[in-house]
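*Asks:* My file is upload-v2.cif. It has mmCIF, C-alpha atoms:
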data_final
#
loop_
_atom_site.group_PDB
_atom_site.id
_atom_site.type_symbol
_atom_site.label_atom_id
_atom_site.label_comp_id
_atom_site.auth_asym_id
_atom_site.auth_seq_id
_atom_site.Cartn_x
_atom_site.Cartn_y
_atom_site.Cartn_z
ATOM 1 C CA MET A 1 -31.242 -7.471 -218.481
ATOM 2 C CA LYS A 2 -30.957 -9.633 -215.409
ATOM 3 C CA LEU A 3 -28.133 -12.152 -215.271
ATOM 4 C CA ASN A 4 -27.971 -14.674 -212.454
ATOM 5 C CA ALA A 5 -24.765 -16.518 -213.222
ATOM 6 C CA ARG A 6 -23.091 -18.912 -210.837
ATOM 7 C CA HIS A 7 -19.412 -19.783 -210.885
ATOM 8 C CA LEU A 8 -18.324 -22.814 -208.890
ATOM 9 C CA THR A 9 -14.649 -23.574 -208.373
ATOM 10 C CA VAL A 10 -13.788 -27.077 -207.200
ATOM 11 C CA ASP A 11 -10.421 -28.340 -205.959
ATOM 12 C CA LEU A 12 -10.105 -32.123 -205.680
ATOM 13 C CA TYR A 13 -7.131 -33.323 -203.628
ATOM 14 C CA ASN A 14 -5.538 -36.785 -203.537
ATOM 15 C CA CYS A 15 -7.809 -38.279 -206.192
ATOM 16 C CA LYS A 16 -8.022 -42.056 -206.015
ATOM 17 C CA ASN A 17 -9.060 -42.697 -209.605
ATOM 18 C CA SER A 18 -6.241 -44.567 -211.302
ATOM 19 C CA GLN A 19 -7.379 -43.180 -214.667
ATOM 20 C CA LEU A 20 -6.021 -39.646 -214.091
ATOM 21 C CA THR A 21 -3.867 -39.901 -217.222
ATOM 22 C CA ASP A 22 -6.647 -41.173 -219.506
ATOM 23 C CA ILE A 23 -7.861 -38.001 -221.224
ATOM 24 C CA GLU A 24 -10.426 -39.837 -223.354
ATOM 25 C CA LEU A 25 -12.009 -41.545 -220.336
ATOM 26 C CA ILE A 26 -12.255 -38.244 -218.493
ATOM 27 C CA LYS A 27 -13.794 -36.627 -221.603
ATOM 28 C CA GLU A 28 -16.375 -39.421 -221.800
ATOM 29 C CA ASN A 29 -17.220 -39.019 -218.117
ATOM 30 C CA LEU A 30 -17.658 -35.249 -218.525
ATOM 31 C CA GLU A 31 -19.888 -35.728 -221.578
ATOM 32 C CA LYS A 32 -22.047 -38.250 -219.692
ATOM 33 C CA GLY A 33 -22.395 -35.879 -216.737
ATOM 34 C CA LEU A 34 -23.386 -33.023 -219.032
ATOM 35 C CA ALA A 35 -26.000 -35.146 -220.799
ATOM 36 C CA LEU A 36 -27.344 -36.518 -217.511
ATOM 37 C CA HIS A 37 -27.963 -32.991 -216.193
ATOM 38 C CA ASN A 38 -29.374 -31.704 -219.519
ATOM 39 C CA PHE A 39 -26.532 -29.357 -220.414
ATOM 40 C CA HIS A 40 -26.101 -28.635 -224.116
ATOM 41 C CA LEU A 41 -22.514 -29.192 -225.240
ATOM 42 C CA ILE A 42 -21.306 -26.966 -228.084
ATOM 43 C CA ASN A 43 -17.629 -27.926 -228.099
ATOM 44 C CA LEU A 44 -15.255 -30.030 -225.998
ATOM 45 C CA SER A 45 -11.514 -29.791 -226.488
ATOM 46 C CA SER A 46 -8.481 -31.039 -224.620
ATOM 47 C CA GLU A 47 -4.863 -30.008 -224.483
ATOM 48 C CA GLN A 48 -1.870 -31.881 -223.080
ATOM 49 C CA VAL A 49 0.083 -29.103 -221.328
ATOM 50 C CA ASP A 50 2.957 -31.389 -220.300
ATOM 51 C CA GLU A 51 3.344 -35.061 -219.414
ATOM 52 C CA THR A 52 1.553 -34.701 -216.047
ATOM 53 C CA HIS A 53 -0.901 -31.855 -216.766
ATOM 54 C CA PHE A 54 -3.751 -31.622 -219.234
ATOM 55 C CA THR A 55 -6.827 -29.492 -219.519
ATOM 56 C CA LEU A 56 -10.348 -29.919 -220.860
ATOM 57 C CA MET A 57 -12.500 -27.002 -221.981
ATOM 58 C CA SER A 58 -16.180 -27.472 -222.671
ATOM 59 C CA ILE A 59 -18.298 -24.710 -224.145
ATOM 60 C CA LEU A 60 -21.957 -25.100 -223.276
ATOM 61 C CA HIS A 61 -25.080 -23.303 -224.356
ATOM 62 C CA GLU A 62 -25.474 -22.538 -220.624
ATOM 63 C CA GLY A 63 -21.864 -21.468 -219.905
ATOM 64 C CA HIS A 64 -18.498 -23.253 -219.797
ATOM 65 C CA ILE A 65 -16.495 -25.769 -217.794
ATOM 66 C CA THR A 66 -12.743 -26.176 -217.499
ATOM 67 C CA VAL A 67 -10.985 -29.134 -215.931
ATOM 68 C CA HIS A 68 -7.252 -29.145 -215.165
ATOM 69 C CA VAL A 69 -5.801 -32.526 -214.221
ATOM 70 C CA TYR A 70 -2.368 -32.804 -212.570
ATOM 71 C CA SER A 71 -1.847 -36.567 -212.488
ATOM 72 C CA ASP A 72 1.467 -36.470 -210.583
ATOM 73 C CA LEU A 73 -0.156 -34.463 -207.759
ATOM 74 C CA LYS A 74 -3.428 -36.442 -207.881
ATOM 75 C CA TYR A 75 -5.091 -33.009 -208.068
ATOM 76 C CA VAL A 76 -7.956 -31.779 -210.240
ATOM 77 C CA ALA A 77 -9.138 -28.156 -210.526
ATOM 78 C CA ILE A 78 -12.598 -27.557 -212.002
ATOM 79 C CA ASP A 79 -14.350 -24.297 -212.906
ATOM 80 C CA ILE A 80 -18.054 -24.458 -213.717
ATOM 81 C CA PHE A 81 -19.628 -21.226 -214.953
ATOM 82 C CA LEU A 82 -23.354 -21.343 -215.708
ATOM 83 C CA CYS A 83 -25.285 -18.286 -216.803
ATOM 84 C CA THR A 84 -28.831 -19.591 -216.722
ATOM 85 C CA GLU A 85 -31.556 -18.846 -214.239
ATOM 86 C CA ASN A 86 -31.688 -21.449 -211.452
ATOM 87 C CA ALA A 87 -28.299 -22.821 -212.496
ATOM 88 C CA GLN A 88 -27.044 -25.589 -210.241
ATOM 89 C CA PRO A 89 -23.359 -26.220 -210.924
ATOM 90 C CA GLU A 90 -23.202 -28.387 -207.787
ATOM 91 C CA GLN A 91 -24.936 -31.215 -209.691
ATOM 92 C CA LEU A 92 -22.111 -31.498 -212.183
ATOM 93 C CA SER A 93 -19.541 -31.033 -209.432
ATOM 94 C CA LYS A 94 -20.992 -34.007 -207.579
ATOM 95 C CA ALA A 95 -20.700 -36.185 -210.704
ATOM 96 C CA MET A 96 -17.071 -35.147 -211.196
ATOM 97 C CA ARG A 97 -16.233 -35.827 -207.534
ATOM 98 C CA SER A 98 -17.800 -39.270 -207.863
ATOM 99 C CA PHE A 99 -15.548 -40.019 -210.843
ATOM 100 C CA PHE A 100 -12.260 -38.691 -209.424
ATOM 101 C CA LYS A 101 -12.810 -39.968 -205.840
ATOM 102 C CA PRO A 102 -10.831 -37.296 -203.932
ATOM 103 C CA ASP A 103 -9.899 -37.505 -200.246
ATOM 104 C CA LYS A 104 -10.574 -33.792 -199.811
ATOM 105 C CA THR A 105 -12.676 -31.285 -201.727
ATOM 106 C CA LYS A 106 -12.764 -27.497 -201.563
ATOM 107 C CA THR A 107 -15.573 -25.639 -203.339
ATOM 108 C CA THR A 108 -16.212 -21.929 -203.719
ATOM 109 C CA LEU A 109 -19.434 -20.550 -205.156
ATOM 110 C CA LEU A 110 -19.505 -17.082 -206.660
ATOM 111 C CA LYS A 111 -22.670 -15.315 -207.748
ATOM 112 C CA ARG A 112 -21.913 -13.335 -210.884
ATOM 113 C CA GLY A 113 -23.783 -10.574 -212.654
ATOM 114 C CA ASP A 114 -25.408 -8.884 -209.650
ATOM 115 C CA PHE A 115 -26.052 -5.440 -211.150
ATOM 116 C CA THR A 116 -27.847 -4.209 -208.018
ATOM 117 C CA ALA A 117 -24.535 -4.157 -206.133
ATOM 118 C CA VAL A 118 -22.637 -2.191 -208.812
ATOM 119 C CA LYS A 119 -23.525 1.186 -207.279
ATOM 120 C CA GLU A 120 -22.107 0.052 -203.940
ATOM 121 C CA ILE A 121 -18.785 -1.167 -205.296
ATOM 122 C CA LYS A 122 -15.928 1.208 -204.548
ATOM 123 C CA PRO A 123 -12.503 0.782 -206.110
ATOM 124 C CA LYS A 124 -9.602 -0.120 -203.849
ATOM 125 C CA VAL A 125 -6.940 2.525 -203.698
ATOM 126 C CA LYS A 126 -3.511 1.450 -202.533
ATOM 127 C CA THR A 127 -0.826 3.976 -201.684
ATOM 128 C CA HIS A 128 2.733 2.888 -201.070
ATOM 129 C CA VAL A 129 5.138 5.438 -199.533
ATOM 130 C CA ALA A 130 7.694 3.086 -198.019
ATOM 131 C CA PRO A 131 10.514 3.829 -200.534
ATOM 132 C CA LEU A 132 11.019 7.372 -199.175
ATOM 133 C CA ARG A 133 11.366 6.051 -195.629
ATOM 134 C CA LYS A 134 13.790 3.381 -196.851
ATOM 135 C CA ILE A 135 15.950 6.022 -198.554
ATOM 136 C CA HIS A 136 16.047 8.097 -195.374
ATOM 137 C CA ASN A 137 16.926 5.059 -193.216
ATOM 138 C CA THR A 138 19.562 3.863 -195.692
ATOM 139 C CA GLY A 139 21.121 7.341 -195.813
ATOM 140 C CA ALA A 140 21.336 7.441 -192.000
ATOM 141 C CA LYS A 141 23.013 4.010 -191.960
ATOM 142 C CA VAL A 142 25.583 5.078 -194.566
ATOM 143 C CA ILE A 143 26.433 8.199 -192.535
ATOM 144 C CA ARG A 144 26.904 6.088 -189.359
ATOM 145 C CA ILE A 145 29.148 3.597 -191.194
ATOM 146 C CA LEU A 146 31.277 6.380 -192.692
ATOM 147 C CA ALA A 147 31.546 8.131 -189.315
ATOM 148 C CA HIS A 148 32.591 4.855 -187.671
ATOM 149 C CA ARG A 149 35.258 4.259 -190.356
ATOM 150 C CA ASN A 150 36.637 7.796 -189.950
ATOM 151 C CA LYS A 151 36.988 7.269 -186.168
ATOM 152 C CA ALA A 152 38.806 3.976 -186.768
ATOM 153 C CA ASN A 153 41.332 5.616 -189.146
#
Produce structure tokens that represent the structure in this file.
*Replies:*
Amino acid sequence: MKLNARHLTVDLYNCKNSQLTDIELIKENLEKGLALHNFHLINLSSEQVDETHFTLMSILHEGHITVHVYSDLKYVAIDIFLCTENAQPEQLSKAMRSFFKPDKTKTTLLKRGDFTAVKEIKPKVKTHVAPLRKIHNTGAKVIRILAHRNKAN
């Protein structure tokens, strides 16, 4: 099986849209964008996390999309994961940017499901030996302090 999935993360900073607290309007905009780009929506749900943060989760036939809106920060974080051949998550990202009107945008595209690279992946091994050195150094400091106190007495 060959899987050519694409995962686009989008950070939208200082969004100008005054509707950042209107969950229903944002839902409608997302649904329109999905329909415009021929994505097949299975389920769309929203959750108010607190008074300034809510999230939308859309399950698609082609993948999924999450949108986190932080109205007090004027910040929106979007994850678009599409697992279809020739997937173009940038199209939906462009529609979302047009709606939220950010001053600054940061996008990161990840290619997922590349099984040809699996043989080349090596696990990271991290060894940490600093505690032994710290014990030795601490012991030396204690001995110096005690020796200094004995000389003073």
*Asks:* Which residues, written as a PyMOL selection string, have at least one atom at most 7 Å from Lys74 of chain A, with only C-alpha atoms counted and residues fewer than 4 positions away on the same chain left out?
*Replies:* chain A and resi 13-15+70
*Asks:* Name the residues that the PyMOL selection byres ((chain A and resi 52-68) around 6) picks from the file above, as a list of chain:residue names, using the file's chain letters and numbers.
*Replies:*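 Selection result, ordered by chain and number: A:His40, A:Leu41, A:Ile42, A:Asn43, A:Leu44, A:Ser45, A:Ser46, A:Glu47, A:Gln48, A:Val49, A:Asp50, A:Glu51, A:Val69, A:Tyr70, A:Ser71, A:Asp72, A:Val76, A:Ala77, A:Ile78, A:Asp79, A:Ile80, A:Phe81, A:Leu82, A:Cys83, A:Thr84.
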*Asks:* Would you work out the distance separating atom CA of Asn29 of chain A from atom CA of Gln88 of chain A, expressed in Å to one decimal?
*Replies:* 18.4 Å
*Asks:* Using all atoms listed in the file, can you tell me which of A:Gly113, A:Phe100, A:Pro89, A:Arg149 comes closest to Asn17 of chain A?
*Replies:*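 Using all atoms listed in the file, the shortest distance to Asn17 of chain A belongs to A:Phe100.
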*Asks:* Just how far from atom CA of Leu34 of chain A is atom CA of Leu92 of chain A, in Å to one decimal?
*Replies:*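 Those two atoms sit 7.1 Å apart.
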*Asks:* Take atom CA of His7 of chain A and atom CA of Lys106 of chain A and report the distance between them in Å, one decimal.
*Replies:* 13.8 Å
*Asks:* Point out the residue among A:Met96, A:Ala87, A:Val10, A:Ala5 with the least atom-to-atom distance to Leu30 of chain A, counting only C-alpha atoms.
*Replies:*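 Closest to Leu30 of chain A, using only C-alpha atoms: A:Met96.
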*Asks:* As a check of understanding, name the residues that the PyMOL selection byres ((chain A and resi 108-110) around 6) selects in the supplied structure, as a VMD selection string.
*Replies:* chain A and resid 6 to 9 107 111
*Asks:* Would you put the residues from that selection into a file with C-alpha atoms, as a tab-separated table (two decimals), in the frame of the given file?
*Replies:*
chain	number	residue	atom	x	y	z
A	6	ARG	CA	-23.09	-18.91	-210.84
A	7	HIS	CA	-19.41	-19.78	-210.88
A	8	LEU	CA	-18.32	-22.81	-208.89
A	9	THR	CA	-14.65	-23.57	-208.37
A	107	THR	CA	-15.57	-25.64	-203.34
A	111	LYS	CA	-22.67	-15.32	-207.75
